[in-house]
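Data first, discussion second: the structure below is written as structure tokens.
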Amino acid sequence: MRTLPALTKPASILSFDFDGTLHDPASSPPVPPEFFELIQRIRETHQASWGINTGRSMVHMIEGFLESRFPFLPDWVVAREREIYIPNKFGRWVAHAPWNKQCEKEILRLFKRAKKLLARIRHDIEEHTGAQWIDMEGEPAGIISRTVEEMEWIVSRIAPLAGEEPHLSWQRNSIYLRFGHRDFHKGSSLSEVARLHQLTAANCFAIGDSHNDLNMLDAAHAGMIACPANSVSEIHAKVSASGGLVTQGIQAHGAIEALKHYFPG
Ligand SMILES: [Mg+2]
């Protein structure tokens, strides 16, 4: 897959959640060509570096690029809500090692410290729900519930339990939950991408539809925020309360609307 010519000096950073924000599995193609035409234009006219900020793993994201027939790669990806990757000129994804290594180190240290607490949470969830606990290489602690309602219940249950370890947090998206470190999420990862280009939150645009987007839809990390009409209610509420744009359109049609709003002309 091809990359676009490198930007000489990025002036803004555009951060897009993927599933439910750009990607609609019911549409063909899942991301409309109009989105790519617009992003290519804004990238040139505004020197905007654009990226996908997702809960997907990098491997799963690459599948998404192929399935959605991306005509060119984004300038960066945040995978699993916290790992930063940048394509080289051959389109190969290279880890932003200082950040990713620090993130991995902090999470391993935290999980070691919170081992008993996580075991207690696991026991509680397995006793009271039909949810599945995930514990595997690269994904040391996560939950897949049977329904969104069950996940609501799980979150209300673990919130008081997790309180005893202030660094422990989680990212939630529909029936999926991933435990992690409170300092590494879509928001802080977006700020790290901005920092690489000597830019700040004021130069950042972010759009997302689900709970794991809450951190990046925040003035601390993005001065221009939006959510598509199909977003969960907590996202709607936060974006509205922060003076962001809740679009009329759903998914990528919302993303297109938001881009035209913040980058007119
Ligand atoms: Mg989403």
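Please note that chains go A, B, ... in the order of the structure tokens, that every chain numbers its residues from 1, and that ligands are numbered from 1 in the order shown.
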
Got a sec: who's within 7 Å of Lys186 in chain A, counting only C-alpha atoms, leaving out chain neighbours fewer than 3 positions off, as a ChimeraX atom specification? /A:53,81-82,189-190,213,215-216

Leaving out Asn212 in chain A and any residue of its chain fewer than 4 positions from it, which residues lie within 6 Å of it when counting only C-alpha atoms, given as a ChimeraX atom specification? /A:171-173

For Glu37 in chain A, which residue out of A:Gly249, A:Lys238, A:Leu259, A:Ala219 is the nearest one, using only C-alpha atoms? A:Leu259

Using only C-alpha atoms and all ligand atoms, which residues of the polymer chains come no farther than 6 Å from ligand 1? I'd like the answer as a list in words.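 Sorted by chain and then by number, the residues are Asp17, Phe18, Asp19, Gly20, Thr21, Gly208, Asp209 and Ser210 of chain A.
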
Select, from A:Ile250, A:Met151, A:Val31, A:Leu4, the residue with the minimum atom-to-atom distance to Pro74 in chain A, counting only C-alpha atoms.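 Checking each of A:Ile250, A:Met151, A:Val31, A:Leu4 against Pro74 in chain A, counting only C-alpha atoms, the winner is A:Leu4.
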